[in-house]
Amino acid sequence: MNKPLRRIAIFCGLLMLTLLIRDNWLQYVRADGLKDDPKNRRVTIARYATPRGDIIVDGNPITGSSESSKTGLNDLKYKRTYKNGAMWAPVTGYASQAFGATQLESLEDGILTGNDDRLFFRKTLDMVTGKEQQGGNVVTTLNGAAQKAAYDGLKAQGGKGAVVALDPSTGKILALASYPSYDPSVFAGNSNDDAAAWKKLQKKYNPSDPMLNRALRETYPPGSTFKVVTAAAALENGKYTSADEKTDSPLPWTMPGTSTQLKNEGNIPCKDATMREALRVSCNTVFGKIGADLGNDKMLAEAKKFGFDAEQFTPVRSSASVFSDDMNPSQTALSSIGQYNTAATPLQMAMVASAVANDGKLMKPYMVDTLQSSNLDPVVKTQPEELSRPLSAENAQILQDMMKTVVEQGTGKNAQISGVTVGGKTGTAQHGVENSENPYAWFISYAKLPDGSSPVAVATVIEDDQANRDDISGGGLAAPIARSVMKAVIDSKK
C-alpha cells in the first residue's frame with residue numbers, strides 16, 4: 001500500500017473509532033441524562049401515554065385521567081383530571097401536558113407513571129405478560145373531612161389565608177388548605193384553552209396569586225401566637241417554673257437601649273402578671289421582657305427546636321420560618337412577641353401547637369403515608385420520625401394548661417368544643433410599614449380527648465384586605481375555622 005492510501009486508511013479508521021466512542025458515550029454514559037432531559041419530547045409522550053396512578057385520600061382517588069383531545073398536533077394520549085381540584089391543589093400540585101408538574105404530582109411522578117425503579121418487579125412482570133404499563137398510587141395522610149372544613153372556612157371568609165392540621169403523635173398532615181386556590185384540571189392539557197386558563201392564574205394577571213401555596217410557601221409575622229414559643233423558652237431556661245408564678249414585668253416597660261415603651265392592646269392586667277394570665281390576655285410587655293431577659297441566643301435556640309430557620313420537606317418543600325440571630329435586646333423583645341423579623345409558615349405554627357400537645361415531642365410532618373404499585377402492593381411506607389424535643393413533658397403540660405385557659409377564659413373562646421379539652425393562642429400580627437395595612441389574624445390550637453390523646457393540632461391564618469380593621473382578630477376570624485377542623489378530625493374517629 002502506498003503512503004497516500006495508508007494515510008487515508010488510518011484517517012478513516014480514526015473516524016470509525018471516534019464514531020464508536022461517541023456511540024457508546026451516548027448509549028451508556030449519557031443514556032439516563034438524555035432519557036430524563038425535559039427537552040426530550042419522548043419523556044413527555046411516555047408520561048402521558050397511559051393513565052397516571054392516583055393520589056388517594058381516605059381510600060378514594062382525588063385524581064384521575066381522561067383521553068386528550070385529538071385536535072391539532074396533540075401526541076399525548078391522556079391528561080390529568082382532579083376531583084374538587086381547588087380544595088386539593090395545595091396537596092396534589094398539578095400535572096399539565098403543557099406546563100409540567102409540581103408538588104406530589106412532580107415528586108412522585110415515577111410512581112404515578114409506573115417508571116420508578118422501585119417498581120422494577122412490577123414492570124418486569126407486566127412486560128412478560130404483555131400488560132400495558134400502569135402507574136402506582138400515592139396514598140396520603142390527609143383527612144377529607146378536615147380538609148373540607150378548612151377550605152370551606154377559608155372560602156367563607158372571602159380573603160386570603162391557610163390552614164394546616166397535624167396529628168401530634170405521628171406528624172401526619174391531616175389538612176393543608178390555601179385560599180384562594182385553583183383547579184389544576186383547567187390547564188391539564190395543552191390546548192389554547194389550557195394556555196389561556198394558565199395565563200389567568202399567574203400573579204401578573206391575578207394579584208390574589210391563587211397558585212401560591214400559602215400553607216407551605218408563605219411566611220407571615222406570627223404575632224402573639226409566637227408567645228407560646230417564648231413561654232416555652234422561659235420554662236425551659238428556668239426563668240419561670242410554673243404557669244402561676246408572678247413575672248417580673250413592670251408597666252410601663254421601656255425596651256432596653258431605647259426610650260420606647262412596648263405597648264399592650266388596651267387596658268389589660270399585665271403588671272407582674274403570671275404567665276398564665278399574660279397568655280390569656282396576650283401581654284406584649286410580659287413576653288417582650290422575657291425575650292429580652294433571656295437574650296437572642298436562648299430565644300433562637302428554642303425557636304430552632306420548634307423548626308424555625310430550617311426548610312421542612314413533607315415531602316413537598318416548605319419555606320423556612322425565621323427567627324433572626326445577632327439582634328439587640330429591644331429587637332429580641334419585639335421578635336419574642338412575633339413581630340420585627342420573625343416570620344412563620346402556617347405549617348410551622350401548627351408544629352408549635354403540635355409539639356406542645358404531644359408533651360414536648362415534635363414529630364416530623366409528612367403527607368405521604370404509602371407509595372403503592374399498580375396492584376396496590378406497598379412499595380414504601382412512611383414511618384413517623386421524631387424531629388426534636390423543644391420542651392420537657394412537664395413544661396409542655398404547663399403550657400398546655402396555659403393554652404387551655406386562653407380558650408376557656410380568654411381570647412380563644414370561639415374554639416371551644418363540647419366534651420373536648422381545647423387549648424389555643426390567638427394572634428393579630430402587624431402588617432405593612434408602621435402597621436399601615438390590615439393585620440393578619442392567627443389562631444393555633446390543639447384538642448385533647450377524655451382519654452388524654454391529642455388527635456389534632458391546627459394553625460390558621462387569615463389575611464383580609466377588605467375587612468374592617470377593628471373587626472380583625474385571631475379569636476374572631478381564625479378560631480372558628482380551627483374549631484371546625486378539629487371537630488371534623490374528632491368526628492371522623494368516632
# chains A, B, ... in the order shown; residues from 1 in each chain; ligands from 1
$ residues_around --residues "segment 272-276 of chain A" --least-positions-apart "2" --cutoff "6 Å" --atoms "only C-alpha atoms" --output "PyMOL selection string"
chain A and resi 243-249+270+278-279+402
$ residues_around --residues "Tyr220 of chain A" --least-positions-apart "3" --cutoff "8 Å" --atoms "only C-alpha atoms" --output "NGL selection string"
:A and (343-345 or 440)
$ closest_atom_pairs --of "segment 368-437 of chain A" --to "segment 441-456 of chain A" --cutoff "7 Å" --atoms "only C-alpha atoms" --output "CSV"
residue,atom,partner,partner_atom,distance
A:Val420,CA,A:Leu449,CA,5.4
A:Thr421,CA,A:Lys448,CA,5.0
A:Val422,CA,A:Ala447,CA,4.5
A:Gly423,CA,A:Ser445,CA,5.4
A:Gly424,CA,A:Ser445,CA,3.9
A:Lys425,CA,A:Ile444,CA,5.5
A:Thr426,CA,A:Phe443,CA,4.5
A:Gly427,CA,A:Trp442,CA,4.7
A:Thr428,CA,A:Ala441,CA,4.7
A:Ala429,CA,A:Ala441,CA,6.6
$ atom_distance --atom1 "atom CA of Gly257 of chain A" --atom2 "atom CA of Ala232 of chain A"
25.3 Å
$ closest_residue --among "A:Gly189, A:Gly171, A:Gly307, A:Gly338" --to "Ala98 of chain A" --atoms "only C-alpha atoms"
A:Gly189
$ residues_around --residues "segment 150-160 of chain A" --least-positions-apart "3" --cutoff "9 Å" --atoms "only C-alpha atoms" --output "PDB file with all heavy atoms, in the first residue's frame"
ATOM      1  N   ALA A  86     -59.635  22.587  43.335  1.00  0.00           N
ATOM      2  CA  ALA A  86     -59.196  23.774  44.080  1.00  0.00           C
ATOM      3  C   ALA A  86     -58.958  23.462  45.550  1.00  0.00           C
ATOM      4  O   ALA A  86     -58.040  24.009  46.171  1.00  0.00           O
ATOM      5  CB  ALA A  86     -60.235  24.880  43.935  1.00  0.00           C
ATOM      6  N   MET A  87     -59.780  22.586  46.112  1.00  0.00           N
ATOM      7  CA  MET A  87     -59.616  22.231  47.520  1.00  0.00           C
ATOM      8  C   MET A  87     -58.331  21.454  47.749  1.00  0.00           C
ATOM      9  O   MET A  87     -57.641  21.638  48.762  1.00  0.00           O
ATOM     10  CB  MET A  87     -60.819  21.407  47.984  1.00  0.00           C
ATOM     11  CG  MET A  87     -60.817  21.072  49.461  1.00  0.00           C
ATOM     12  SD  MET A  87     -62.342  20.266  50.011  1.00  0.00           S
ATOM     13  CE  MET A  87     -61.995  18.561  49.582  1.00  0.00           C
ATOM     14  N   TRP A  88     -57.977  20.593  46.791  1.00  0.00           N
ATOM     15  CA  TRP A  88     -56.827  19.706  46.979  1.00  0.00           C
ATOM     16  C   TRP A  88     -55.537  20.197  46.330  1.00  0.00           C
ATOM     17  O   TRP A  88     -54.478  19.581  46.525  1.00  0.00           O
ATOM     18  CB  TRP A  88     -57.168  18.317  46.452  1.00  0.00           C
ATOM     19  CG  TRP A  88     -58.180  17.599  47.277  1.00  0.00           C
ATOM     20  CD1 TRP A  88     -59.463  17.274  46.934  1.00  0.00           C
ATOM     21  CD2 TRP A  88     -58.013  17.124  48.611  1.00  0.00           C
ATOM     22  NE1 TRP A  88     -60.101  16.632  47.961  1.00  0.00           N
ATOM     23  CE2 TRP A  88     -59.221  16.516  49.016  1.00  0.00           C
ATOM     24  CE3 TRP A  88     -56.949  17.144  49.519  1.00  0.00           C
ATOM     25  CZ2 TRP A  88     -59.405  15.940  50.264  1.00  0.00           C
ATOM     26  CZ3 TRP A  88     -57.126  16.577  50.775  1.00  0.00           C
ATOM     27  CH2 TRP A  88     -58.341  15.977  51.134  1.00  0.00           C
ATOM     28  N   ALA A 145     -62.561  15.101  55.588  1.00  0.00           N
ATOM     29  CA  ALA A 145     -63.493  15.975  56.307  1.00  0.00           C
ATOM     30  C   ALA A 145     -62.774  17.201  56.862  1.00  0.00           C
ATOM     31  O   ALA A 145     -63.310  18.319  56.825  1.00  0.00           O
ATOM     32  CB  ALA A 145     -64.166  15.193  57.434  1.00  0.00           C
ATOM     33  N   ALA A 146     -61.577  17.005  57.368  1.00  0.00           N
ATOM     34  CA  ALA A 146     -60.808  18.133  57.904  1.00  0.00           C
ATOM     35  C   ALA A 146     -60.413  19.098  56.789  1.00  0.00           C
ATOM     36  O   ALA A 146     -60.466  20.325  56.959  1.00  0.00           O
ATOM     37  CB  ALA A 146     -59.562  17.620  58.627  1.00  0.00           C
ATOM     38  N   GLN A 147     -60.004  18.550  55.637  1.00  0.00           N
ATOM     39  CA  GLN A 147     -59.637  19.410  54.510  1.00  0.00           C
ATOM     40  C   GLN A 147     -60.831  20.231  54.041  1.00  0.00           C
ATOM     41  O   GLN A 147     -60.700  21.430  53.756  1.00  0.00           O
ATOM     42  CB  GLN A 147     -59.122  18.551  53.354  1.00  0.00           C
ATOM     43  CG  GLN A 147     -58.649  19.335  52.140  1.00  0.00           C
ATOM     44  CD  GLN A 147     -57.300  19.989  52.327  1.00  0.00           C
ATOM     45  OE1 GLN A 147     -56.629  19.785  53.334  1.00  0.00           O
ATOM     46  NE2 GLN A 147     -56.886  20.780  51.351  1.00  0.00           N
ATOM     47  N   VAL A 163     -54.673  26.987  56.255  1.00  0.00           N
ATOM     48  CA  VAL A 163     -54.883  26.141  57.428  1.00  0.00           C
ATOM     49  C   VAL A 163     -54.001  24.910  57.301  1.00  0.00           C
ATOM     50  O   VAL A 163     -53.907  24.316  56.216  1.00  0.00           O
ATOM     51  CB  VAL A 163     -56.353  25.687  57.552  1.00  0.00           C
ATOM     52  CG1 VAL A 163     -56.522  24.744  58.747  1.00  0.00           C
ATOM     53  CG2 VAL A 163     -57.292  26.878  57.689  1.00  0.00           C
ATOM     54  N   VAL A 164     -53.349  24.546  58.401  1.00  0.00           N
ATOM     55  CA  VAL A 164     -52.620  23.277  58.464  1.00  0.00           C
ATOM     56  C   VAL A 164     -53.050  22.559  59.735  1.00  0.00           C
ATOM     57  O   VAL A 164     -53.091  23.156  60.813  1.00  0.00           O
ATOM     58  CB  VAL A 164     -51.090  23.478  58.485  1.00  0.00           C
ATOM     59  CG1 VAL A 164     -50.377  22.135  58.631  1.00  0.00           C
ATOM     60  CG2 VAL A 164     -50.625  24.185  57.216  1.00  0.00           C
ATOM     61  N   ALA A 165     -53.388  21.272  59.597  1.00  0.00           N
ATOM     62  CA  ALA A 165     -53.718  20.444  60.760  1.00  0.00           C
ATOM     63  C   ALA A 165     -52.788  19.243  60.786  1.00  0.00           C
ATOM     64  O   ALA A 165     -52.538  18.621  59.746  1.00  0.00           O
ATOM     65  CB  ALA A 165     -55.177  19.988  60.698  1.00  0.00           C
ATOM     66  N   ALA A 175     -54.766  18.164  57.258  1.00  0.00           N
ATOM     67  CA  ALA A 175     -55.376  19.176  56.384  1.00  0.00           C
ATOM     68  C   ALA A 175     -54.288  20.141  55.950  1.00  0.00           C
ATOM     69  O   ALA A 175     -53.390  20.474  56.734  1.00  0.00           O
ATOM     70  CB  ALA A 175     -56.499  19.919  57.105  1.00  0.00           C
ATOM     71  N   LEU A 176     -54.371  20.570  54.687  1.00  0.00           N
ATOM     72  CA  LEU A 176     -53.405  21.526  54.142  1.00  0.00           C
ATOM     73  C   LEU A 176     -54.159  22.347  53.111  1.00  0.00           C
ATOM     74  O   LEU A 176     -54.249  21.978  51.946  1.00  0.00           O
ATOM     75  CB  LEU A 176     -52.221  20.797  53.504  1.00  0.00           C
ATOM     76  CG  LEU A 176     -51.051  21.670  53.073  1.00  0.00           C
ATOM     77  CD1 LEU A 176     -50.167  21.997  54.282  1.00  0.00           C
ATOM     78  CD2 LEU A 176     -50.210  20.963  52.016  1.00  0.00           C
ATOM     79  N   ALA A 177     -54.737  23.461  53.561  1.00  0.00           N
ATOM     80  CA  ALA A 177     -55.618  24.257  52.708  1.00  0.00           C
ATOM     81  C   ALA A 177     -55.048  25.648  52.500  1.00  0.00           C
ATOM     82  O   ALA A 177     -54.427  26.219  53.412  1.00  0.00           O
ATOM     83  CB  ALA A 177     -57.008  24.351  53.332  1.00  0.00           C
ATOM     84  N   SER A 178     -55.275  26.179  51.313  1.00  0.00           N
ATOM     85  CA  SER A 178     -54.826  27.527  50.972  1.00  0.00           C
ATOM     86  C   SER A 178     -55.922  28.189  50.147  1.00  0.00           C
ATOM     87  O   SER A 178     -56.545  27.541  49.293  1.00  0.00           O
ATOM     88  CB  SER A 178     -53.520  27.457  50.168  1.00  0.00           C
ATOM     89  OG  SER A 178     -53.092  28.745  49.765  1.00  0.00           O
ATOM     90  N   TYR A 179     -56.151  29.481  50.408  1.00  0.00           N
ATOM     91  CA  TYR A 179     -57.199  30.194  49.675  1.00  0.00           C
ATOM     92  C   TYR A 179     -56.744  31.623  49.390  1.00  0.00           C
ATOM     93  O   TYR A 179     -56.134  32.247  50.260  1.00  0.00           O
ATOM     94  CB  TYR A 179     -58.500  30.218  50.500  1.00  0.00           C
ATOM     95  CG  TYR A 179     -59.683  30.706  49.689  1.00  0.00           C
ATOM     96  CD1 TYR A 179     -60.395  29.830  48.878  1.00  0.00           C
ATOM     97  CD2 TYR A 179     -60.036  32.045  49.692  1.00  0.00           C
ATOM     98  CE1 TYR A 179     -61.458  30.284  48.105  1.00  0.00           C
ATOM     99  CE2 TYR A 179     -61.088  32.504  48.910  1.00  0.00           C
ATOM    100  CZ  TYR A 179     -61.791  31.616  48.128  1.00  0.00           C
ATOM    101  OH  TYR A 179     -62.837  32.062  47.356  1.00  0.00           O
ATOM    102  N   PRO A 180     -57.027  32.135  48.172  1.00  0.00           N
ATOM    103  CA  PRO A 180     -57.713  31.493  47.052  1.00  0.00           C
ATOM    104  C   PRO A 180     -56.860  30.387  46.433  1.00  0.00           C
ATOM    105  O   PRO A 180     -55.643  30.362  46.608  1.00  0.00           O
ATOM    106  CB  PRO A 180     -57.934  32.636  46.064  1.00  0.00           C
ATOM    107  CG  PRO A 180     -56.860  33.619  46.388  1.00  0.00           C
ATOM    108  CD  PRO A 180     -56.641  33.526  47.863  1.00  0.00           C
ATOM    109  N   SER A 208     -54.320  38.157  43.400  1.00  0.00           N
ATOM    110  CA  SER A 208     -54.587  37.321  44.573  1.00  0.00           C
ATOM    111  C   SER A 208     -53.694  36.082  44.594  1.00  0.00           C
ATOM    112  O   SER A 208     -53.648  35.372  45.593  1.00  0.00           O
ATOM    113  CB  SER A 208     -56.056  36.895  44.593  1.00  0.00           C
ATOM    114  OG  SER A 208     -56.366  36.063  43.497  1.00  0.00           O
ATOM    115  N   ARG A 214     -50.074  28.977  50.260  1.00  0.00           N
ATOM    116  CA  ARG A 214     -49.859  29.781  51.469  1.00  0.00           C
ATOM    117  C   ARG A 214     -49.601  28.931  52.713  1.00  0.00           C
ATOM    118  O   ARG A 214     -49.021  29.415  53.672  1.00  0.00           O
ATOM    119  CB  ARG A 214     -51.069  30.701  51.687  1.00  0.00           C
ATOM    120  CG  ARG A 214     -51.166  31.813  50.660  1.00  0.00           C
ATOM    121  CD  ARG A 214     -52.441  32.632  50.772  1.00  0.00           C
ATOM    122  NE  ARG A 214     -52.352  33.840  49.957  1.00  0.00           N
ATOM    123  CZ  ARG A 214     -52.600  33.882  48.649  1.00  0.00           C
ATOM    124  NH1 ARG A 214     -52.969  32.786  48.017  1.00  0.00           N
ATOM    125  NH2 ARG A 214     -52.470  35.016  47.981  1.00  0.00           N
ATOM    126  N   THR A 460     -54.145  28.400  61.852  1.00  0.00           N
ATOM    127  CA  THR A 460     -54.962  29.106  60.864  1.00  0.00           C
ATOM    128  C   THR A 460     -54.498  30.551  60.779  1.00  0.00           C
ATOM    129  O   THR A 460     -54.268  31.188  61.805  1.00  0.00           O
ATOM    130  CB  THR A 460     -56.449  29.098  61.277  1.00  0.00           C
ATOM    131  OG1 THR A 460     -56.884  27.754  61.431  1.00  0.00           O
ATOM    132  CG2 THR A 460     -57.306  29.790  60.246  1.00  0.00           C
ATOM    133  N   VAL A 461     -54.346  31.056  59.558  1.00  0.00           N
ATOM    134  CA  VAL A 461     -54.021  32.466  59.367  1.00  0.00           C
ATOM    135  C   VAL A 461     -54.970  33.039  58.317  1.00  0.00           C
ATOM    136  O   VAL A 461     -55.290  32.394  57.328  1.00  0.00           O
ATOM    137  CB  VAL A 461     -52.545  32.669  58.936  1.00  0.00           C
ATOM    138  CG1 VAL A 461     -52.250  32.034  57.591  1.00  0.00           C
ATOM    139  CG2 VAL A 461     -52.182  34.155  58.922  1.00  0.00           C
ATOM    140  N   ILE A 462     -55.442  34.259  58.580  1.00  0.00           N
ATOM    141  CA  ILE A 462     -56.361  34.959  57.664  1.00  0.00           C
ATOM    142  C   ILE A 462     -55.754  36.314  57.329  1.00  0.00           C
ATOM    143  O   ILE A 462     -55.341  37.065  58.222  1.00  0.00           O
ATOM    144  CB  ILE A 462     -57.746  35.190  58.318  1.00  0.00           C
ATOM    145  CG1 ILE A 462     -58.378  33.870  58.753  1.00  0.00           C
ATOM    146  CG2 ILE A 462     -58.655  35.949  57.365  1.00  0.00           C
ATOM    147  CD1 ILE A 462     -58.770  32.960  57.627  1.00  0.00           C
ATOM    148  N   GLU A 463     -55.700  36.640  56.037  1.00  0.00           N
ATOM    149  CA  GLU A 463     -55.306  37.989  55.608  1.00  0.00           C
ATOM    150  C   GLU A 463     -56.452  38.546  54.773  1.00  0.00           C
ATOM    151  O   GLU A 463     -56.747  38.027  53.713  1.00  0.00           O
ATOM    152  CB  GLU A 463     -53.991  37.968  54.825  1.00  0.00           C
ATOM    153  CG  GLU A 463     -53.847  36.849  53.806  1.00  0.00           C
ATOM    154  CD  GLU A 463     -52.586  36.957  52.978  1.00  0.00           C
ATOM    155  OE1 GLU A 463     -52.223  38.076  52.571  1.00  0.00           O
ATOM    156  OE2 GLU A 463     -51.974  35.923  52.724  1.00  0.00           O
ATOM    157  N   ASP A 464     -57.092  39.567  55.279  1.00  0.00           N
ATOM    158  CA  ASP A 464     -58.278  40.117  54.613  1.00  0.00           C
ATOM    159  C   ASP A 464     -58.108  41.620  54.427  1.00  0.00           C
ATOM    160  O   ASP A 464     -58.259  42.408  55.359  1.00  0.00           O
ATOM    161  CB  ASP A 464     -59.525  39.811  55.441  1.00  0.00           C
ATOM    162  CG  ASP A 464     -60.815  40.132  54.671  1.00  0.00           C
ATOM    163  OD1 ASP A 464     -60.727  40.822  53.638  1.00  0.00           O
ATOM    164  OD2 ASP A 464     -61.884  39.692  55.104  1.00  0.00           O
ATOM    165  N   ASP A 465     -57.771  42.009  53.199  1.00  0.00           N
ATOM    166  CA  ASP A 465     -57.544  43.429  52.900  1.00  0.00           C
ATOM    167  C   ASP A 465     -58.826  44.248  52.936  1.00  0.00           C
ATOM    168  O   ASP A 465     -58.791  45.476  53.086  1.00  0.00           O
ATOM    169  CB  ASP A 465     -56.903  43.578  51.516  1.00  0.00           C
ATOM    170  CG  ASP A 465     -55.523  42.947  51.449  1.00  0.00           C
ATOM    171  OD1 ASP A 465     -54.875  42.848  52.502  1.00  0.00           O
ATOM    172  OD2 ASP A 465     -55.108  42.539  50.343  1.00  0.00           O
ATOM    173  N   GLN A 466     -59.976  43.577  52.791  1.00  0.00           N
ATOM    174  CA  GLN A 466     -61.241  44.298  52.679  1.00  0.00           C
ATOM    175  C   GLN A 466     -61.980  44.437  54.009  1.00  0.00           C
ATOM    176  O   GLN A 466     -62.918  45.222  54.120  1.00  0.00           O
ATOM    177  CB  GLN A 466     -62.153  43.577  51.679  1.00  0.00           C
ATOM    178  CG  GLN A 466     -61.510  43.333  50.314  1.00  0.00           C
ATOM    179  CD  GLN A 466     -61.020  44.600  49.666  1.00  0.00           C
ATOM    180  OE1 GLN A 466     -61.706  45.622  49.682  1.00  0.00           O
ATOM    181  NE2 GLN A 466     -59.829  44.555  49.094  1.00  0.00           N
ATOM    182  N   ALA A 467     -61.562  43.694  55.027  1.00  0.00           N
ATOM    183  CA  ALA A 467     -62.284  43.709  56.299  1.00  0.00           C
ATOM    184  C   ALA A 467     -62.082  45.018  57.042  1.00  0.00           C
ATOM    185  O   ALA A 467     -61.086  45.731  56.850  1.00  0.00           O
ATOM    186  CB  ALA A 467     -61.825  42.545  57.180  1.00  0.00           C
ATOM    187  N   LEU A 477     -61.795  35.667  63.639  1.00  0.00           N
ATOM    188  CA  LEU A 477     -61.746  35.171  62.274  1.00  0.00           C
ATOM    189  C   LEU A 477     -61.156  33.774  62.159  1.00  0.00           C
ATOM    190  O   LEU A 477     -61.667  32.934  61.403  1.00  0.00           O
ATOM    191  CB  LEU A 477     -60.923  36.133  61.393  1.00  0.00           C
ATOM    192  CG  LEU A 477     -61.455  37.558  61.231  1.00  0.00           C
ATOM    193  CD1 LEU A 477     -60.549  38.345  60.297  1.00  0.00           C
ATOM    194  CD2 LEU A 477     -62.879  37.560  60.701  1.00  0.00           C
ATOM    195  N   ALA A 478     -60.060  33.524  62.869  1.00  0.00           N
ATOM    196  CA  ALA A 478     -59.318  32.272  62.677  1.00  0.00           C
ATOM    197  C   ALA A 478     -59.781  31.137  63.590  1.00  0.00           C
ATOM    198  O   ALA A 478     -59.792  29.970  63.182  1.00  0.00           O
ATOM    199  CB  ALA A 478     -57.825  32.524  62.877  1.00  0.00           C
ATOM    200  N   PRO A 480     -62.785  30.170  64.772  1.00  0.00           N
ATOM    201  CA  PRO A 480     -63.907  29.325  64.335  1.00  0.00           C
ATOM    202  C   PRO A 480     -63.518  28.309  63.269  1.00  0.00           C
ATOM    203  O   PRO A 480     -64.059  27.194  63.236  1.00  0.00           O
ATOM    204  CB  PRO A 480     -64.916  30.352  63.794  1.00  0.00           C
ATOM    205  CG  PRO A 480     -64.592  31.623  64.512  1.00  0.00           C
ATOM    206  CD  PRO A 480     -63.102  31.610  64.647  1.00  0.00           C
ATOM    207  N   ILE A 481     -62.608  28.678  62.376  1.00  0.00           N
ATOM    208  CA  ILE A 481     -62.153  27.728  61.354  1.00  0.00           C
ATOM    209  C   ILE A 481     -61.379  26.588  62.012  1.00  0.00           C
ATOM    210  O   ILE A 481     -61.583  25.407  61.698  1.00  0.00           O
ATOM    211  CB  ILE A 481     -61.283  28.440  60.299  1.00  0.00           C
ATOM    212  CG1 ILE A 481     -62.094  29.505  59.567  1.00  0.00           C
ATOM    213  CG2 ILE A 481     -60.710  27.430  59.304  1.00  0.00           C
ATOM    214  CD1 ILE A 481     -61.288  30.338  58.586  1.00  0.00           C
ATOM    215  N   ALA A 482     -60.466  26.940  62.936  1.00  0.00           N
ATOM    216  CA  ALA A 482     -59.706  25.909  63.635  1.00  0.00           C
ATOM    217  C   ALA A 482     -60.639  24.951  64.369  1.00  0.00           C
ATOM    218  O   ALA A 482     -60.429  23.730  64.385  1.00  0.00           O
ATOM    219  CB  ALA A 482     -58.724  26.553  64.619  1.00  0.00           C
ATOM    220  N   SER A 484     -63.724  24.125  63.588  1.00  0.00           N
ATOM    221  CA  SER A 484     -64.416  23.228  62.652  1.00  0.00           C
ATOM    222  C   SER A 484     -63.480  22.135  62.152  1.00  0.00           C
ATOM    223  O   SER A 484     -63.912  20.992  61.937  1.00  0.00           O
ATOM    224  CB  SER A 484     -64.996  24.026  61.477  1.00  0.00           C
ATOM    225  OG  SER A 484     -63.983  24.591  60.680  1.00  0.00           O
ATOM    226  N   VAL A 485     -62.206  22.467  61.966  1.00  0.00           N
ATOM    227  CA  VAL A 485     -61.232  21.466  61.520  1.00  0.00           C
ATOM    228  C   VAL A 485     -60.992  20.432  62.615  1.00  0.00           C
ATOM    229  O   VAL A 485     -60.986  19.220  62.358  1.00  0.00           O
ATOM    230  CB  VAL A 485     -59.907  22.138  61.102  1.00  0.00           C
ATOM    231  CG1 VAL A 485     -58.837  21.084  60.794  1.00  0.00           C
ATOM    232  CG2 VAL A 485     -60.124  23.040  59.892  1.00  0.00           C
TER     233      VAL A 485
END
$ residues_around --residues "Ala188 of chain A" --least-positions-apart "6" --cutoff "6 Å" --atoms "only C-alpha atoms" --output "list of chain:residue names"
A:Arg80, A:Ser96, A:Gln97
$ write_last_selection --atoms "C-alpha atoms" --output "short mmCIF file (atom, residue, chain, number, x, y, z; two decimals), in the first residue's frame"
data_model
loop_
_atom_site.label_atom_id
_atom_site.label_comp_id
_atom_site.auth_asym_id
_atom_site.auth_seq_id
_atom_site.Cartn_x
_atom_site.Cartn_y
_atom_site.Cartn_z
CA ARG A 80 -54.88 14.56 34.32
CA SER A 96 -50.02 19.53 32.95
CA GLN A 97 -49.10 18.41 29.44
#
$ closest_residue --among "A:Met367, A:Ile268, A:Met403, A:Val286" --to "Pro90 of chain A" --atoms "only C-alpha atoms"
A:Met367
$ residues_around --residues "Ile62 of chain A" --least-positions-apart "5" --cutoff "12 Å" --atoms "only C-alpha atoms" --output "PyMOL selection string"
chain A and resi 53-57+80-89+91-93+137-140+142+144+184-185
